[in-house]
>>> print(open('model-v1.txt').read())   # compact mmCIF, C-alpha atoms and all ligand atoms
# COMPACT_ATOMS: atom_id res chain seq x y z
CA MET A 16 94.78 101.37 70.77
CA PRO A 17 95.19 103.04 74.15
CA ALA A 18 92.85 105.86 75.12
CA ASN A 19 95.75 108.22 75.81
CA PRO A 20 96.76 110.09 72.61
CA ALA A 21 100.24 110.82 74.03
CA ALA A 22 101.16 107.16 73.63
CA ARG A 23 103.09 105.21 71.06
CA SER A 24 103.61 101.57 70.21
CA ASN A 25 106.87 100.09 71.35
CA ALA A 26 107.62 97.80 68.39
CA ALA A 27 106.23 94.31 69.01
CA GLU A 28 106.22 94.95 72.71
CA GLY A 29 103.67 96.91 74.70
CA ILE A 30 102.45 100.49 74.64
CA ARG A 31 104.24 103.33 76.38
CA ALA A 32 103.66 107.01 77.09
CA VAL A 33 105.93 109.39 75.15
CA SER A 34 106.87 111.16 78.37
CA ARG A 35 108.26 108.04 80.09
CA PRO A 36 111.85 108.77 81.24
CA GLU A 37 114.76 106.32 81.24
CA ARG A 38 116.01 107.10 84.78
CA MET A 39 114.22 107.50 88.10
CA THR A 40 114.76 108.21 91.78
CA PHE A 41 114.23 105.25 94.08
CA ILE A 42 115.13 104.34 97.66
CA ALA A 43 118.16 102.05 97.79
CA ALA A 44 119.04 99.95 100.83
CA GLU A 45 122.80 100.23 101.23
CA GLY A 46 123.20 96.86 102.93
CA ALA A 47 120.98 95.41 105.63
CA GLY A 48 120.59 97.34 108.86
CA GLU A 49 119.04 100.31 110.61
CA PRO A 50 116.74 102.81 108.80
CA ASP A 51 119.73 104.96 107.79
CA VAL A 52 120.68 102.39 105.14
CA LEU A 53 117.72 103.74 103.14
CA LYS A 54 118.98 106.46 100.79
CA PRO A 55 117.62 108.07 97.60
CA ALA A 56 119.44 106.85 94.47
CA ILE A 57 119.11 107.11 90.69
CA GLY A 58 118.56 104.05 88.53
CA PRO A 59 116.87 102.79 85.38
CA VAL A 60 113.09 102.87 85.00
CA PRO A 61 112.01 99.21 84.80
CA THR A 62 110.26 97.83 81.71
CA PRO A 63 107.01 95.87 81.98
CA LYS A 64 106.94 92.39 80.49
CA GLN A 65 103.91 90.51 79.13
CA ASP A 66 101.02 91.05 81.56
CA GLU A 67 102.77 93.80 83.53
CA VAL A 68 102.26 97.55 83.59
CA LEU A 69 104.61 100.38 84.52
CA VAL A 70 103.05 102.69 87.09
CA ARG A 71 104.20 106.29 87.60
CA VAL A 72 104.05 106.21 91.37
CA LEU A 73 102.25 109.03 93.18
CA ALA A 74 102.24 107.42 96.63
CA ALA A 75 103.51 104.24 98.28
CA GLY A 76 102.73 102.47 101.54
CA VAL A 77 105.19 101.55 104.29
CA ASN A 78 104.57 98.17 105.90
CA ARG A 79 106.16 96.02 108.58
CA PRO A 80 107.42 93.50 105.99
CA ASP A 81 109.44 96.41 104.47
CA VAL A 82 111.28 96.72 107.78
CA MET A 83 112.00 93.00 107.75
CA GLN A 84 113.35 93.27 104.19
CA ARG A 85 115.52 96.26 105.12
CA LYS A 86 117.00 94.24 107.99
CA GLY A 87 117.81 91.39 105.58
CA LEU A 88 115.28 89.06 107.24
CA TYR A 89 112.73 88.93 104.39
CA PRO A 90 114.47 88.64 101.02
CA PRO A 91 112.34 89.41 97.94
CA PRO A 92 111.10 86.37 96.02
CA PRO A 93 112.98 85.39 92.83
CA ASN A 94 112.27 87.77 89.90
CA ALA A 95 110.83 90.46 92.21
CA SER A 96 112.42 93.93 92.30
CA PRO A 97 115.07 94.22 95.01
CA ILE A 98 113.69 97.71 95.77
CA ILE A 99 111.58 97.77 98.95
CA GLY A 100 107.85 98.54 98.72
CA LEU A 101 104.75 96.34 98.45
CA GLU A 102 102.03 98.82 97.46
CA VAL A 103 101.69 101.87 95.23
CA ALA A 104 99.09 104.13 93.69
CA GLY A 105 99.67 106.04 90.49
CA GLU A 106 98.98 106.07 86.77
CA VAL A 107 99.75 103.51 84.12
CA VAL A 108 102.41 104.87 81.71
CA GLU A 109 103.43 101.70 79.90
CA ARG A 110 102.05 98.22 79.48
CA GLY A 111 103.37 94.88 78.35
CA PRO A 112 101.91 93.24 75.25
CA ALA A 113 99.46 91.09 77.23
CA ALA A 114 98.35 93.78 79.71
CA THR A 115 95.42 94.87 77.54
CA ARG A 116 92.94 95.18 80.42
CA LEU A 117 94.47 98.53 81.41
CA ASP A 118 94.94 101.76 79.44
CA LEU A 119 97.67 104.34 79.65
CA GLY A 120 96.57 107.03 82.08
CA ASP A 121 94.46 104.65 84.19
CA ARG A 122 94.75 105.44 87.88
CA VAL A 123 95.51 102.23 89.75
CA THR A 124 96.35 101.06 93.22
CA ALA A 125 98.51 97.97 93.10
CA LEU A 126 99.86 95.18 95.26
CA THR A 127 103.44 95.03 94.00
CA ASN A 128 105.89 92.16 94.23
CA GLY A 129 108.45 94.78 95.31
CA GLY A 130 109.78 98.05 93.93
CA GLY A 131 107.26 100.44 95.51
CA TYR A 132 109.70 102.99 96.98
CA ALA A 133 110.38 104.51 93.57
CA GLU A 134 109.09 106.99 91.02
CA TYR A 135 108.18 104.11 88.68
CA CYS A 136 107.20 100.55 89.52
CA VAL A 137 106.36 97.49 87.42
CA VAL A 138 103.31 95.51 88.58
CA PRO A 139 101.44 92.51 87.13
CA ALA A 140 98.20 93.94 85.71
CA PRO A 141 95.94 91.50 87.64
CA GLN A 142 97.30 92.99 90.88
CA CYS A 143 96.00 96.46 89.99
CA LEU A 144 92.67 97.88 91.12
CA ARG A 145 91.02 101.19 90.33
CA TRP A 146 91.01 103.95 92.97
CA PRO A 147 87.83 103.84 95.06
CA ARG A 148 85.49 106.79 94.50
CA GLY A 149 86.73 110.01 96.10
CA TYR A 150 90.16 108.61 96.96
CA ASP A 151 93.43 110.48 96.41
CA ALA A 152 96.74 108.74 95.71
CA VAL A 153 97.82 108.47 99.33
CA ARG A 154 94.57 106.86 100.47
CA ALA A 155 94.51 104.57 97.43
CA ALA A 156 98.10 103.45 98.08
CA ALA A 157 97.19 102.63 101.69
CA LEU A 158 94.86 99.82 100.57
CA PRO A 159 96.57 96.88 98.83
CA GLU A 160 98.93 95.30 101.36
CA THR A 161 96.50 95.36 104.25
CA TYR A 162 93.23 94.76 102.38
CA PHE A 163 94.62 91.86 100.31
CA THR A 164 96.09 90.34 103.50
CA VAL A 165 92.97 90.80 105.60
CA TRP A 166 90.67 89.48 102.89
CA ALA A 167 92.82 86.41 102.27
CA ASN A 168 93.34 85.60 105.93
CA LEU A 169 90.31 86.78 107.88
CA PHE A 170 87.60 86.04 105.33
CA GLN A 171 89.02 83.34 103.02
CA LEU A 172 91.27 81.31 105.34
CA GLY A 173 89.52 82.26 108.60
CA ARG A 174 86.04 81.98 107.04
CA LEU A 175 84.73 84.83 109.20
CA GLU A 176 80.95 85.06 108.80
CA ARG A 177 78.30 87.65 109.58
CA GLY A 178 77.15 87.25 113.19
CA GLU A 179 80.43 85.70 114.37
CA THR A 180 82.96 87.16 116.82
CA VAL A 181 86.62 87.85 116.10
CA LEU A 182 89.66 88.81 118.18
CA ILE A 183 92.15 90.97 116.28
CA HIS A 184 95.60 91.43 117.79
CA GLY A 185 97.59 94.58 116.99
CA GLY A 186 94.32 96.45 116.47
CA THR A 187 95.98 99.75 115.51
CA SER A 188 98.55 98.30 113.10
CA GLY A 189 97.91 98.90 109.41
CA ILE A 190 96.61 95.34 109.22
CA GLY A 191 94.65 95.66 112.47
CA VAL A 192 92.73 98.77 111.43
CA ALA A 193 91.72 97.19 108.11
CA ALA A 194 90.74 93.98 109.90
CA ILE A 195 88.57 95.78 112.47
CA ARG A 196 86.85 97.89 109.84
CA LEU A 197 86.19 95.06 107.38
CA ALA A 198 85.10 92.56 110.05
CA ARG A 199 82.67 95.13 111.40
CA GLU A 200 81.49 96.06 107.90
CA PHE A 201 80.73 92.41 107.16
CA GLY A 202 78.68 91.96 110.31
CA ALA A 203 81.09 90.45 112.86
CA THR A 204 81.50 91.53 116.48
CA VAL A 205 85.09 92.64 116.95
CA TYR A 206 87.38 92.55 119.96
CA ALA A 207 90.88 93.96 119.55
CA THR A 208 94.09 94.12 121.54
CA ALA A 209 96.56 97.00 121.64
CA GLY A 210 99.45 98.16 123.79
CA THR A 211 98.18 101.49 125.18
CA ASP A 212 94.90 102.98 126.34
CA ALA A 213 95.06 105.54 123.52
CA LYS A 214 95.41 102.72 120.98
CA CYS A 215 92.51 100.89 122.63
CA ALA A 216 90.36 104.02 122.31
CA ALA A 217 91.26 104.14 118.60
CA CYS A 218 90.21 100.49 118.17
CA LEU A 219 86.78 101.37 119.60
CA GLU A 220 86.56 104.31 117.23
CA PHE A 221 87.32 102.02 114.27
CA GLY A 222 84.46 99.70 115.23
CA ALA A 223 85.65 97.26 117.88
CA SER A 224 83.04 96.45 120.53
CA ALA A 225 85.79 96.09 123.14
CA ALA A 226 89.52 96.76 123.17
CA ILE A 227 91.94 95.09 125.55
CA ASN A 228 95.18 96.73 126.69
CA TYR A 229 97.24 93.55 126.70
CA ARG A 230 99.94 95.14 128.86
CA GLU A 231 97.45 95.52 131.72
CA THR A 232 94.92 92.75 131.17
CA ASP A 233 95.18 89.06 130.26
CA PHE A 234 93.44 89.10 126.88
CA ALA A 235 92.27 85.47 127.14
CA ALA A 236 90.58 86.09 130.49
CA GLU A 237 88.96 89.21 129.09
CA VAL A 238 87.71 87.36 125.99
CA GLU A 239 86.25 84.71 128.27
CA ARG A 240 84.45 87.43 130.24
CA LEU A 241 83.27 89.30 127.12
CA THR A 242 81.88 86.16 125.48
CA GLY A 243 80.35 84.64 128.62
CA GLY A 244 82.85 81.78 128.44
CA ARG A 245 82.02 80.85 124.83
CA GLY A 246 85.14 82.25 123.14
CA VAL A 247 85.46 83.90 119.72
CA ASP A 248 85.04 82.26 116.33
CA VAL A 249 88.25 83.63 114.80
CA VAL A 250 91.55 85.01 116.14
CA LEU A 251 93.79 86.99 113.77
CA ASP A 252 97.31 86.90 115.23
CA MET A 253 100.59 88.58 114.36
CA VAL A 254 102.37 88.09 117.69
CA GLY A 255 103.02 84.34 117.59
CA GLY A 256 104.54 81.88 120.07
CA PRO A 257 103.85 83.59 123.40
CA TYR A 258 100.18 83.99 122.42
CA ALA A 259 99.64 80.42 121.19
CA GLU A 260 98.11 78.92 124.31
CA ARG A 261 95.96 81.97 125.08
CA ASN A 262 94.81 82.24 121.44
CA VAL A 263 93.62 78.64 121.47
CA ARG A 264 92.01 79.16 124.88
CA SER A 265 90.13 82.18 123.44
CA LEU A 266 88.49 80.18 120.64
CA ALA A 267 84.93 78.88 120.68
CA PHE A 268 84.07 75.35 119.53
CA GLY A 269 84.89 75.17 115.79
CA GLY A 270 87.05 78.31 116.04
CA ARG A 271 89.83 79.30 113.67
CA LEU A 272 93.24 80.75 114.59
CA VAL A 273 94.88 82.53 111.65
CA LEU A 274 98.59 83.38 111.93
CA ILE A 275 99.97 86.15 109.75
CA ALA A 276 103.22 87.01 111.56
CA PHE A 277 105.38 86.11 114.52
CA MET A 278 106.46 89.45 115.93
CA GLN A 279 107.42 87.80 119.22
CA GLY A 280 108.66 84.53 117.77
CA ALA A 281 107.30 81.45 116.01
CA LYS A 282 107.98 78.90 118.74
CA ALA A 283 105.53 77.98 121.51
CA GLU A 284 107.09 76.12 124.44
CA ASN A 285 105.14 73.14 125.80
CA PHE A 286 102.11 73.83 123.60
CA ASP A 287 99.22 71.48 124.44
CA PHE A 288 97.16 70.49 121.37
CA THR A 289 94.32 68.91 123.32
CA LYS A 290 91.87 71.79 122.84
CA VAL A 291 92.54 71.82 119.09
CA MET A 292 91.14 68.31 118.92
CA THR A 293 88.42 68.39 121.54
CA ARG A 294 87.06 71.78 120.47
CA ARG A 295 87.47 71.04 116.76
CA LEU A 296 89.70 74.07 116.12
CA THR A 297 91.60 75.01 112.97
CA ILE A 298 95.06 76.58 113.07
CA ALA A 299 95.97 78.18 109.75
CA GLY A 300 98.27 80.85 108.41
CA SER A 301 99.58 82.35 105.21
CA THR A 302 101.85 84.93 103.66
CA MET A 303 100.85 87.18 100.80
CA ARG A 304 104.10 88.02 99.03
CA PRO A 305 105.14 84.60 97.66
CA ARG A 306 101.73 83.96 96.07
CA GLY A 307 101.66 83.97 92.28
CA THR A 308 99.95 86.51 90.04
CA ALA A 309 96.87 84.33 89.45
CA GLU A 310 96.24 83.97 93.16
CA LYS A 311 96.81 87.66 93.90
CA GLY A 312 94.61 88.52 90.91
CA ALA A 313 91.80 86.35 92.26
CA ILE A 314 92.01 88.17 95.59
CA ALA A 315 91.94 91.49 93.70
CA GLN A 316 88.75 90.43 91.94
CA ALA A 317 87.16 89.37 95.24
CA LEU A 318 88.09 92.74 96.74
CA LEU A 319 86.69 94.56 93.73
CA ALA A 320 83.39 92.72 94.03
CA ARG A 321 82.98 92.72 97.81
CA VAL A 322 85.08 95.49 99.35
CA TRP A 323 85.41 98.23 96.69
CA PRO A 324 81.66 99.02 96.77
CA VAL A 325 82.04 99.58 100.51
CA LEU A 326 85.03 101.89 99.96
CA ASP A 327 83.18 103.68 97.14
CA ALA A 328 80.42 104.39 99.65
CA GLY A 329 82.95 106.01 101.99
CA ARG A 330 83.07 103.22 104.59
CA ALA A 331 85.90 101.01 105.93
CA ALA A 332 88.56 103.47 104.72
CA PRO A 333 92.22 103.12 105.66
CA VAL A 334 93.50 105.40 108.44
CA ILE A 335 96.55 107.46 107.49
CA HIS A 336 98.83 108.20 110.43
CA ARG A 337 101.51 110.23 108.64
CA VAL A 338 102.83 110.94 105.15
CA PHE A 339 106.56 111.42 104.41
CA PRO A 340 108.23 112.50 101.15
CA LEU A 341 109.87 109.56 99.34
CA ALA A 342 113.35 110.86 100.22
CA GLU A 343 112.48 110.49 103.92
CA ALA A 344 111.80 106.75 103.78
CA ALA A 345 114.30 106.24 106.61
CA ALA A 346 112.27 108.52 108.90
CA ALA A 347 109.12 106.64 107.92
CA HIS A 348 110.78 103.36 108.95
CA ARG A 349 111.93 104.87 112.25
CA LEU A 350 108.35 105.90 113.02
CA LEU A 351 106.97 102.47 112.07
CA GLU A 352 109.52 100.76 114.30
CA SER A 353 108.70 103.09 117.20
CA GLY A 354 105.28 101.40 117.25
CA THR A 355 103.61 104.71 118.21
CA HIS A 356 101.58 104.98 115.01
CA ILE A 357 97.87 104.26 114.60
CA GLY A 358 97.10 103.16 111.05
CA LYS A 359 99.23 103.58 107.96
CA ILE A 360 102.50 105.39 107.30
CA MET A 361 102.79 106.56 103.71
CA LEU A 362 105.31 107.98 101.24
CA LYS A 363 104.30 110.79 98.89
CA VAL A 364 106.29 110.21 95.73
CA SER A 365 104.95 112.70 93.20
CA ASP A 366 102.06 115.11 92.58
N1 LIG B 401 101.11 87.15 106.40
C1 LIG B 401 100.99 88.16 105.59
O1 LIG B 401 100.65 87.99 104.42
C2 LIG B 401 101.28 89.54 106.07
C3 LIG B 401 101.11 90.64 105.20
C4 LIG B 401 101.33 91.92 105.70
C5 LIG B 401 101.74 92.09 107.02
N2 LIG B 401 101.93 90.99 107.81
C6 LIG B 401 102.36 91.16 109.21
O2 LIG B 401 101.29 91.75 109.93
C7 LIG B 401 101.84 92.51 111.00
C8 LIG B 401 101.25 93.90 110.94
O3 LIG B 401 101.79 94.59 109.84
P1 LIG B 401 101.64 96.15 109.72
O4 LIG B 401 102.39 96.62 108.55
O5 LIG B 401 100.20 96.47 109.85
O6 LIG B 401 102.42 96.55 111.08
P2 LIG B 401 102.50 97.83 111.95
O7 LIG B 401 101.53 98.87 111.48
O8 LIG B 401 103.91 98.18 112.11
O9 LIG B 401 101.97 97.35 113.39
C9 LIG B 401 102.58 96.44 114.19
C10 LIG B 401 101.92 96.55 115.58
O10 LIG B 401 102.01 95.32 116.26
C11 LIG B 401 102.12 95.54 117.65
N3 LIG B 401 103.19 94.69 118.22
C12 LIG B 401 102.99 93.66 119.06
N4 LIG B 401 104.13 93.06 119.39
C13 LIG B 401 105.09 93.70 118.74
C14 LIG B 401 106.49 93.54 118.69
N5 LIG B 401 107.13 92.58 119.36
N6 LIG B 401 107.19 94.38 117.90
C15 LIG B 401 106.55 95.37 117.21
N7 LIG B 401 105.22 95.55 117.24
C16 LIG B 401 104.51 94.74 117.99
C17 LIG B 401 102.37 97.02 117.85
O11 LIG B 401 101.21 97.55 118.44
P3 LIG B 401 101.01 97.53 120.02
O12 LIG B 401 101.61 98.79 120.55
O13 LIG B 401 99.54 97.49 120.17
O14 LIG B 401 101.69 96.31 120.56
C18 LIG B 401 102.56 97.58 116.45
O15 LIG B 401 101.95 98.83 116.28
C19 LIG B 401 103.35 92.50 110.82
O16 LIG B 401 103.89 91.56 111.70
C20 LIG B 401 103.53 92.08 109.39
O17 LIG B 401 104.75 91.43 109.17
C21 LIG B 401 101.69 89.75 107.37
>>> encode(input="model-v1.txt", output="structure tokens")
Amino acid sequence: MPANPAARSNAAEGIRAVSRPERMTFIAAEGAGEPDVLKPAIGPVPTPKQDEVLVRVLAAGVNRPDVMQRKGLYPPPPNASPIIGLEVAGEVVERGPAATRLDLGDRVTALTNGGGYAEYCVVPAPQCLRWPRGYDAVRAAALPETYFTVWANLFQLGRLERGETVLIHGGTSGIGVAAIRLAREFGATVYATAGTDAKCAACLEFGASAAINYRETDFAAEVERLTGGRGVDVVLDMVGGPYAERNVRSLAFGGRLVLIAFMQGAKAENFDFTKVMTRRLTIAGSTMRPRGTAEKGAIAQALLARVWPVLDAGRAAPVIHRVFPLAEAAAAHRLLESGTHIGKIMLKVSD
């Protein structure tokens, strides 16, 4: 039986809290387009199936993929909620019959498959993690999308090791801040790029050994100078085609280029593969959202074992740039698209 006494069995299905309502406020996207398409709406509270739980959302994160979904460029995978939102923190108020690992009332932070901009959100239980020690809902909700992505790409795919060097593009993006902090925490030397001097100063504050304002300096030439011509072991890139040649040029022998987005396009004109072969490089990339529950759950377990103790100790925390009420999701998207933020933009959903 669940620990929470204010709970009742839901026939042969799962367990739910007595207080669970039937209707909720969520952010609807009225067609694809500019941020103004995002409007509060009322709809049914979803029901968790099998190994899913229903989370009463206290806070949700705003991420660049949300902008792509709003614009109609990143449709949710089949069976995922059409509501935007890839990460939430809150408390479990209902669970499916197979979601026995969690109790009603548990405080979780969760990588969702969608549905985060809402008062209630269904999430597969393996994608839930406890709040790190001392965290509130906003800080907890700022973790999943970036920490899952950075772990899977920088450490698993990119095989970043203690003592190696890494170049992180977009150093002040939500992803970039997490990447700098975790790479540094796990013993790598970090170089980062960013578009203003103020952002570069922030990268240094987060743990980068050098930050390159790419609008003023050729990052590949600067990496060559910083590494005495050796290059870095890993490049984490979200810019894409126009960076391809310089990314490869920045890699040391045996280096790995990991692609997680193509903000300036996926195509590289006249790309020369010679260095990939002669310097034994690896070019890899991945997306998080289409992965199945088992794969996301395995990443969650790796994070719990390797990263959560660091967060519990007060290190490598996410950086919160600004928090908006849920109803102001459109304003949150406008800020994200302005590119002036440093760190995460969050939605406060409930107290
Ligand atoms: N593959 C995956 O699984 C995965 C998962 C999550 C996110 N992502 C991707 O990772 C990237 C970062 O996500 P996020 O939520 O952390 O983003 P974010 O906070 O909005 O940051 C994006 C940053 O990238 C820089 N940038 C460079 N070129 C840009 C351009 N053409 N347009 C806009 N920004 C540009 C900007 O900083 P400067 O001012 O320094 O240029 C901007 O602050 C996004 O592209 C996102 O789609 C991938």
>>> residues_around(input="model-v1.txt", residues="Phe277 of chain A", least_positions_apart="3", cutoff="10 Å", atoms="all atoms listed in the file", output="VMD selection string")
chain A and resid 252 to 258 274 280 to 282
>>> residues_near_point(input="model-v1.txt", point="(114.5, 106.9, 92.9)", cutoff="7 Å", atoms="all atoms listed in the file", output="number ranges by chain")
A: 39-42, 55-58, 133-134
>>> residues_around(input="model-v1.txt", residues="segment 306-309 of chain A", least_positions_apart="5", cutoff="10 Å", atoms="only C-alpha atoms", output="PDB file with C-alpha atoms, in the frame of the given file")
ATOM      1  CA  ASP A  66     101.020  91.050  81.560  1.00  0.00           C
ATOM      2  CA  PRO A  92     111.100  86.370  96.020  1.00  0.00           C
ATOM      3  CA  ASN A 128     105.890  92.160  94.230  1.00  0.00           C
ATOM      4  CA  VAL A 138     103.310  95.510  88.580  1.00  0.00           C
ATOM      5  CA  PRO A 139     101.440  92.510  87.130  1.00  0.00           C
ATOM      6  CA  ALA A 140      98.200  93.940  85.710  1.00  0.00           C
ATOM      7  CA  PRO A 141      95.940  91.500  87.640  1.00  0.00           C
ATOM      8  CA  GLN A 142      97.300  92.990  90.880  1.00  0.00           C
ATOM      9  CA  SER A 301      99.580  82.350 105.210  1.00  0.00           C
ATOM     10  CA  ILE A 314      92.010  88.170  95.590  1.00  0.00           C
ATOM     11  CA  ALA A 315      91.940  91.490  93.700  1.00  0.00           C
TER      12      ALA A 315
END
>>> atom_distance(input="model-v1.txt", atom1="atom CA of Arg38 of chain A", atom2="atom CA of Arg79 of chain A")
28.0 Å
>>> residues_around(input="model-v1.txt", residues="segment 149-160 of chain A", least_positions_apart="2", cutoff="6 Å", atoms="only C-alpha atoms", output="list of chain:residue names")
A:Ala74, A:Ala75, A:Gly76, A:Glu102, A:Val103, A:Ala104, A:Thr124, A:Leu126, A:Trp146, A:Pro147, A:Tyr162, A:Phe163
>>> decode(input="model-v1.txt", residues="segment 146-173 of chain A", atoms="N, CA and C atoms", output="PDB file, in the first residue's frame")
ATOM      1  N   TRP A 146      14.410  14.604  -5.846  1.00  0.00           N
ATOM      2  CA  TRP A 146      15.043  15.928  -5.806  1.00  0.00           C
ATOM      3  C   TRP A 146      16.394  15.807  -5.103  1.00  0.00           C
ATOM      4  N   PRO A 147      17.446  16.416  -5.643  1.00  0.00           N
ATOM      5  CA  PRO A 147      18.705  16.445  -4.895  1.00  0.00           C
ATOM      6  C   PRO A 147      18.522  17.179  -3.572  1.00  0.00           C
ATOM      7  N   ARG A 148      19.389  16.879  -2.622  1.00  0.00           N
ATOM      8  CA  ARG A 148      19.294  17.456  -1.283  1.00  0.00           C
ATOM      9  C   ARG A 148      19.325  18.986  -1.342  1.00  0.00           C
ATOM     10  N   GLY A 149      18.373  19.617  -0.651  1.00  0.00           N
ATOM     11  CA  GLY A 149      18.352  21.075  -0.559  1.00  0.00           C
ATOM     12  C   GLY A 149      17.709  21.774  -1.749  1.00  0.00           C
ATOM     13  N   TYR A 150      17.249  20.999  -2.732  1.00  0.00           N
ATOM     14  CA  TYR A 150      16.652  21.611  -3.921  1.00  0.00           C
ATOM     15  C   TYR A 150      15.190  21.970  -3.685  1.00  0.00           C
ATOM     16  N   ASP A 151      14.742  23.083  -4.314  1.00  0.00           N
ATOM     17  CA  ASP A 151      13.307  23.366  -4.377  1.00  0.00           C
ATOM     18  C   ASP A 151      12.797  22.904  -5.747  1.00  0.00           C
ATOM     19  N   ALA A 152      11.496  23.114  -5.986  1.00  0.00           N
ATOM     20  CA  ALA A 152      10.893  22.568  -7.206  1.00  0.00           C
ATOM     21  C   ALA A 152      11.498  23.191  -8.465  1.00  0.00           C
ATOM     22  N   VAL A 153      11.759  24.490  -8.417  1.00  0.00           N
ATOM     23  CA  VAL A 153      12.268  25.148  -9.626  1.00  0.00           C
ATOM     24  C   VAL A 153      13.649  24.602  -9.985  1.00  0.00           C
ATOM     25  N   ARG A 154      14.524  24.500  -8.983  1.00  0.00           N
ATOM     26  CA  ARG A 154      15.866  23.974  -9.274  1.00  0.00           C
ATOM     27  C   ARG A 154      15.800  22.506  -9.703  1.00  0.00           C
ATOM     28  N   ALA A 155      14.921  21.740  -9.066  1.00  0.00           N
ATOM     29  CA  ALA A 155      14.809  20.319  -9.436  1.00  0.00           C
ATOM     30  C   ALA A 155      14.307  20.175 -10.872  1.00  0.00           C
ATOM     31  N   ALA A 156      13.350  21.031 -11.256  1.00  0.00           N
ATOM     32  CA  ALA A 156      12.786  20.939 -12.612  1.00  0.00           C
ATOM     33  C   ALA A 156      13.777  21.403 -13.671  1.00  0.00           C
ATOM     34  N   ALA A 157      14.825  22.113 -13.251  1.00  0.00           N
ATOM     35  CA  ALA A 157      15.815  22.608 -14.213  1.00  0.00           C
ATOM     36  C   ALA A 157      16.822  21.527 -14.611  1.00  0.00           C
ATOM     37  N   LEU A 158      16.720  20.333 -14.000  1.00  0.00           N
ATOM     38  CA  LEU A 158      17.748  19.318 -14.216  1.00  0.00           C
ATOM     39  C   LEU A 158      17.523  18.390 -15.420  1.00  0.00           C
ATOM     40  N   PRO A 159      16.348  17.770 -15.579  1.00  0.00           N
ATOM     41  CA  PRO A 159      16.297  16.580 -16.441  1.00  0.00           C
ATOM     42  C   PRO A 159      16.744  16.800 -17.892  1.00  0.00           C
ATOM     43  N   GLU A 160      16.157  17.744 -18.593  1.00  0.00           N
ATOM     44  CA  GLU A 160      16.441  17.845 -20.028  1.00  0.00           C
ATOM     45  C   GLU A 160      17.928  18.064 -20.291  1.00  0.00           C
ATOM     46  N   THR A 161      18.542  18.938 -19.531  1.00  0.00           N
ATOM     47  CA  THR A 161      19.950  19.224 -19.816  1.00  0.00           C
ATOM     48  C   THR A 161      20.876  18.147 -19.236  1.00  0.00           C
ATOM     49  N   TYR A 162      20.588  17.652 -18.051  1.00  0.00           N
ATOM     50  CA  TYR A 162      21.514  16.675 -17.444  1.00  0.00           C
ATOM     51  C   TYR A 162      21.416  15.317 -18.138  1.00  0.00           C
ATOM     52  N   PHE A 163      20.215  14.894 -18.521  1.00  0.00           N
ATOM     53  CA  PHE A 163      20.101  13.654 -19.311  1.00  0.00           C
ATOM     54  C   PHE A 163      20.873  13.826 -20.630  1.00  0.00           C
ATOM     55  N   THR A 164      20.666  14.964 -21.286  1.00  0.00           N
ATOM     56  CA  THR A 164      21.282  15.181 -22.606  1.00  0.00           C
ATOM     57  C   THR A 164      22.800  15.251 -22.496  1.00  0.00           C
ATOM     58  N   VAL A 165      23.291  15.975 -21.507  1.00  0.00           N
ATOM     59  CA  VAL A 165      24.743  16.114 -21.358  1.00  0.00           C
ATOM     60  C   VAL A 165      25.368  14.776 -20.979  1.00  0.00           C
ATOM     61  N   TRP A 166      24.725  14.048 -20.078  1.00  0.00           N
ATOM     62  CA  TRP A 166      25.289  12.759 -19.683  1.00  0.00           C
ATOM     63  C   TRP A 166      25.368  11.815 -20.891  1.00  0.00           C
ATOM     64  N   ALA A 167      24.268  11.746 -21.637  1.00  0.00           N
ATOM     65  CA  ALA A 167      24.196  10.803 -22.756  1.00  0.00           C
ATOM     66  C   ALA A 167      25.160  11.183 -23.878  1.00  0.00           C
ATOM     67  N   ASN A 168      25.371  12.469 -24.071  1.00  0.00           N
ATOM     68  CA  ASN A 168      26.170  12.893 -25.224  1.00  0.00           C
ATOM     69  C   ASN A 168      27.629  13.168 -24.897  1.00  0.00           C
ATOM     70  N   LEU A 169      27.875  13.866 -23.798  1.00  0.00           N
ATOM     71  CA  LEU A 169      29.262  14.229 -23.481  1.00  0.00           C
ATOM     72  C   LEU A 169      30.011  13.044 -22.875  1.00  0.00           C
ATOM     73  N   PHE A 170      29.336  12.318 -21.986  1.00  0.00           N
ATOM     74  CA  PHE A 170      30.046  11.270 -21.244  1.00  0.00           C
ATOM     75  C   PHE A 170      29.842   9.889 -21.875  1.00  0.00           C
ATOM     76  N   GLN A 171      28.625   9.566 -22.302  1.00  0.00           N
ATOM     77  CA  GLN A 171      28.414   8.227 -22.877  1.00  0.00           C
ATOM     78  C   GLN A 171      28.878   8.197 -24.342  1.00  0.00           C
ATOM     79  N   LEU A 172      28.278   9.026 -25.180  1.00  0.00           N
ATOM     80  CA  LEU A 172      28.646   9.015 -26.605  1.00  0.00           C
ATOM     81  C   LEU A 172      30.032   9.620 -26.827  1.00  0.00           C
ATOM     82  N   GLY A 173      30.319  10.740 -26.158  1.00  0.00           N
ATOM     83  CA  GLY A 173      31.593  11.434 -26.356  1.00  0.00           C
ATOM     84  C   GLY A 173      32.742  10.853 -25.551  1.00  0.00           C
TER      85      GLY A 173
END
